[in-house]
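Below is one structure, written out as structure tokens; the observations come after it.
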There are 2 protein chains.
Amino acid sequence: MDIVGELWSFMIIRNVFLGVRRFEGLRKNLGISRKVLSERLALLVARGVLERRRYQDAPPRDEYRLTPMGVDLFPVLMALARWGNRWLVDEKGPPIQYVHKCGQTTPGRLICTGCGEELGAHNVRALLGPGGEEAYVEAIERAAGRGVFLRTA
Amino acid sequence: MDIVGELWSFMIIRNVFLGVRRFEGLRKNLGISRKVLSERLALLVARGVLERRRYQDAPPRDEYRLTPMGVDLFPVLMALARWGNRWLVDEKGPPIQYVHKCGQTTPGRLICTGCGEELGAHNVRALLGPGGEEAYVEAIERAAGRGVFLRTA
């Protein structure tokens, strides 16, 4: 998973989606130190992606739930799972599969909210948005030309 | 973007999608050191997400292109953009918007490949896949119950 960054935070989020919400379960699944996990969890709570909930009073124990902002990462989870299951699995196949309630094992298909066509890099333009006047976006615009289709080759 | 991990690698990939393919352009846009950028680019090439192409011989200069494996990260790019544009933008609005060739500004909609219903955490089950017999997945199964819908609340 280091291909798309040091995704410890995302690995935590994936585990919470899958129902692993407690510190010890997360630590075992992720194989990271208590220190790193504590820091990551605190960051995710501070950023509003997770919230702590007390599930036991003596001794006090908390678990972590997704906030609405966290639940809204579901399409990212699915997109990464689809990509990982296509490019990173060995001959045994994917470790986890996602199955829609209709029975279809599905990575999902990303379609245009307007016309329903499948979205791809070849048919989507990147345009300057209303909040995009800073230098960063200007540099992208200079490099890419204003409103070109995304460049992949 | 630190919410979903130290996403330098993903930020690089996003820039390459947008047409920023050269070392100096990437360095300016990302505001990271030459050392970190060099390491990240080398990792992405080693993992098969980017490839180097010589665009000038004297002096030798390379640019970075997405491989098919890299282009296939497009749905992840769109899913992260949709989420960021919804939760992270200030009152000015999103810096970059994605527009389908039909004219619709679109974050995309993730639908089931079988029945076409929109996918969400409430209607997708996580199941053990054929490659999923290792301890990590067993721990998830123990925690989540076998084949429950994804847990968000």
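Naming scheme: A, B, ... for chains in displayed order of the structure tokens; residues 1 onward per chain; ligands 1 onward as shown.
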Report as a VMD selection string: the residues of chain A with a DSSP assignment of helix (DSSP H, G or I), based on the backbone of this structure. chain A and resid 2 to 4 8 to 17 23 to 30 34 to 46 68 to 71 74 to 87 135 to 144
Which residues are near stretch 52-62 of chain B? Cut-off 10 Å, only C-alpha atoms, ignore same chain within fewer than 5 positions. Put them as a short mmCIF file (atom, residue, chain, number, x, y, z; two decimals) with C-alpha atoms, in the first residue's frame.
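Below is the file selection.cif, written as the result:
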data_model
loop_
_atom_site.label_atom_id
_atom_site.label_comp_id
_atom_site.auth_asym_id
_atom_site.auth_seq_id
_atom_site.Cartn_x
_atom_site.Cartn_y
_atom_site.Cartn_z
CA ARG B 21 5.18 15.59 -15.47
CA ARG B 22 8.55 17.16 -14.91
CA PHE B 23 10.66 17.27 -11.80
CA LEU B 41 9.30 9.26 -7.89
CA ALA B 42 11.78 6.38 -7.72
CA VAL B 45 8.60 3.94 -10.93
CA THR B 67 1.64 3.40 -16.75
#
Compile the contact shell of B:Gly48 as a PDB file with N, CA and C atoms, in the first residue's frame: residues with an atom at most 12 Å away, counting only C-alpha atoms, same-chain residues fewer than 4 positions apart removed.
ATOM      1  N   ILE A   3       2.424   2.326  -2.291  1.00  0.00           N
ATOM      2  CA  ILE A   3       2.373   2.911  -3.625  1.00  0.00           C
ATOM      3  C   ILE A   3       1.605   4.227  -3.603  1.00  0.00           C
ATOM      4  N   VAL A   4       0.503   4.257  -2.926  1.00  0.00           N
ATOM      5  CA  VAL A   4      -0.286   5.478  -2.914  1.00  0.00           C
ATOM      6  C   VAL A   4      -0.087   6.272  -1.614  1.00  0.00           C
ATOM      7  N   TRP A  87      -4.400  -5.050  -9.230  1.00  0.00           N
ATOM      8  CA  TRP A  87      -2.966  -4.909  -9.518  1.00  0.00           C
ATOM      9  C   TRP A  87      -2.048  -5.489  -8.460  1.00  0.00           C
ATOM     10  N   LEU A  88      -2.533  -5.688  -7.254  1.00  0.00           N
ATOM     11  CA  LEU A  88      -1.616  -6.060  -6.175  1.00  0.00           C
ATOM     12  C   LEU A  88      -1.806  -7.475  -5.645  1.00  0.00           C
TER      13      LEU A  88
ATOM     14  N   LEU B  41       9.370   9.589  -6.463  1.00  0.00           N
ATOM     15  CA  LEU B  41       9.300   9.262  -7.889  1.00  0.00           C
ATOM     16  C   LEU B  41       9.954   7.910  -8.161  1.00  0.00           C
ATOM     17  N   ALA B  42      11.095   7.668  -7.524  1.00  0.00           N
ATOM     18  CA  ALA B  42      11.782   6.383  -7.718  1.00  0.00           C
ATOM     19  C   ALA B  42      10.910   5.231  -7.237  1.00  0.00           C
ATOM     20  N   LEU B  43      10.208   5.440  -6.118  1.00  0.00           N
ATOM     21  CA  LEU B  43       9.325   4.400  -5.591  1.00  0.00           C
ATOM     22  C   LEU B  43       8.170   4.126  -6.557  1.00  0.00           C
ATOM     23  N   LEU B  44       7.576   5.209  -7.078  1.00  0.00           N
ATOM     24  CA  LEU B  44       6.439   5.042  -7.974  1.00  0.00           C
ATOM     25  C   LEU B  44       6.850   4.354  -9.276  1.00  0.00           C
ATOM     26  N   ARG B  52       9.548   6.555 -16.547  1.00  0.00           N
ATOM     27  CA  ARG B  52      10.350   7.694 -16.994  1.00  0.00           C
ATOM     28  C   ARG B  52      10.450   7.680 -18.505  1.00  0.00           C
ATOM     29  N   TYR B  64       7.772  12.071 -16.362  1.00  0.00           N
ATOM     30  CA  TYR B  64       7.114  10.918 -15.773  1.00  0.00           C
ATOM     31  C   TYR B  64       5.721  10.768 -16.355  1.00  0.00           C
ATOM     32  N   ARG B  65       5.429   9.564 -16.811  1.00  0.00           N
ATOM     33  CA  ARG B  65       4.112   9.261 -17.354  1.00  0.00           C
ATOM     34  C   ARG B  65       3.453   8.163 -16.527  1.00  0.00           C
ATOM     35  N   LEU B  66       2.151   8.162 -16.556  1.00  0.00           N
ATOM     36  CA  LEU B  66       1.420   7.089 -15.893  1.00  0.00           C
ATOM     37  C   LEU B  66       1.484   5.824 -16.735  1.00  0.00           C
ATOM     38  N   THR B  67       1.768   4.707 -16.100  1.00  0.00           N
ATOM     39  CA  THR B  67       1.643   3.401 -16.751  1.00  0.00           C
ATOM     40  C   THR B  67       0.152   3.022 -16.764  1.00  0.00           C
ATOM     41  N   PRO B  68      -0.208   1.924 -17.432  1.00  0.00           N
ATOM     42  CA  PRO B  68      -1.618   1.477 -17.324  1.00  0.00           C
ATOM     43  C   PRO B  68      -2.061   1.278 -15.873  1.00  0.00           C
ATOM     44  N   MET B  69      -1.160   0.759 -15.049  1.00  0.00           N
ATOM     45  CA  MET B  69      -1.476   0.594 -13.622  1.00  0.00           C
ATOM     46  C   MET B  69      -1.727   1.956 -12.967  1.00  0.00           C
ATOM     47  N   GLY B  70      -0.996   2.964 -13.405  1.00  0.00           N
ATOM     48  CA  GLY B  70      -1.185   4.305 -12.872  1.00  0.00           C
ATOM     49  C   GLY B  70      -2.464   4.948 -13.367  1.00  0.00           C
ATOM     50  N   VAL B  71      -2.723   4.813 -14.660  1.00  0.00           N
ATOM     51  CA  VAL B  71      -3.961   5.370 -15.222  1.00  0.00           C
ATOM     52  C   VAL B  71      -5.180   4.775 -14.513  1.00  0.00           C
ATOM     53  N   ASP B  72      -5.039   3.522 -14.111  1.00  0.00           N
ATOM     54  CA  ASP B  72      -6.156   2.834 -13.457  1.00  0.00           C
ATOM     55  C   ASP B  72      -6.441   3.396 -12.064  1.00  0.00           C
TER      56      ASP B  72
END
Long-range neighbours of stretch 75-80 of chain A as a ChimeraX atom specification, 9 Å cut-off, only C-alpha atoms, 6 positions minimum in chain: /A:10,13-14,17,98,107-108 /B:73-80,83,109-110,119-121
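Of the listed residues B:Gly84, B:Lys92, B:Arg40, B:Thr105, the one whose atoms come nearest to chain A is B:Lys92, with distances taken using only C-alpha atoms.
The residue set within 9 Å of B:Leu30, counting only C-alpha atoms and dropping same-chain residues fewer than 6 places from it, reads Tyr136 of chain A; Trp8, Met11, Ile12, Asn15 and Leu37 of chain B.
Using only C-alpha atoms, the shortest contact distance between chain A and any of B:Glu118, B:Gly103, B:Pro94, B:Leu50 is found at B:Pro94.
Nearest-residue note for chain A: choosing from B:Ser38, B:Glu117, B:His122, B:Gln97, the minimum distance belongs to B:Gln97, counting only C-alpha atoms.
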Computed gap from atom CA of B:Leu128 to atom CA of A:Val16 is 16.2 Å
Nearest to B:Ile111: which of B:Asn29, B:Asn123, B:Val89, B:Ala81 is it, counting only C-alpha atoms? B:Asn123
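Relative to atom CA of B:Gly114, atom CA of B:Val49 is found at 28.8 Å.
Taking atom CA of A:Cys102 and atom CA of B:Gly129 as endpoints, the distance between them is 17.8 Å.
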What parts of chain B does DSSP call strand (DSSP E)? I'd like the answer as a list in words. Leu50, Glu51, Arg52, Arg53, Arg54, Tyr55, Gln56, Arg61, Asp62, Glu63, Tyr64, Arg65, Leu66, Ile96, Gln97, Tyr98, Val99, His100, Arg109, Leu110, Ile111, Val124, Arg125, Ala126, Leu127 and Leu128 of chain B
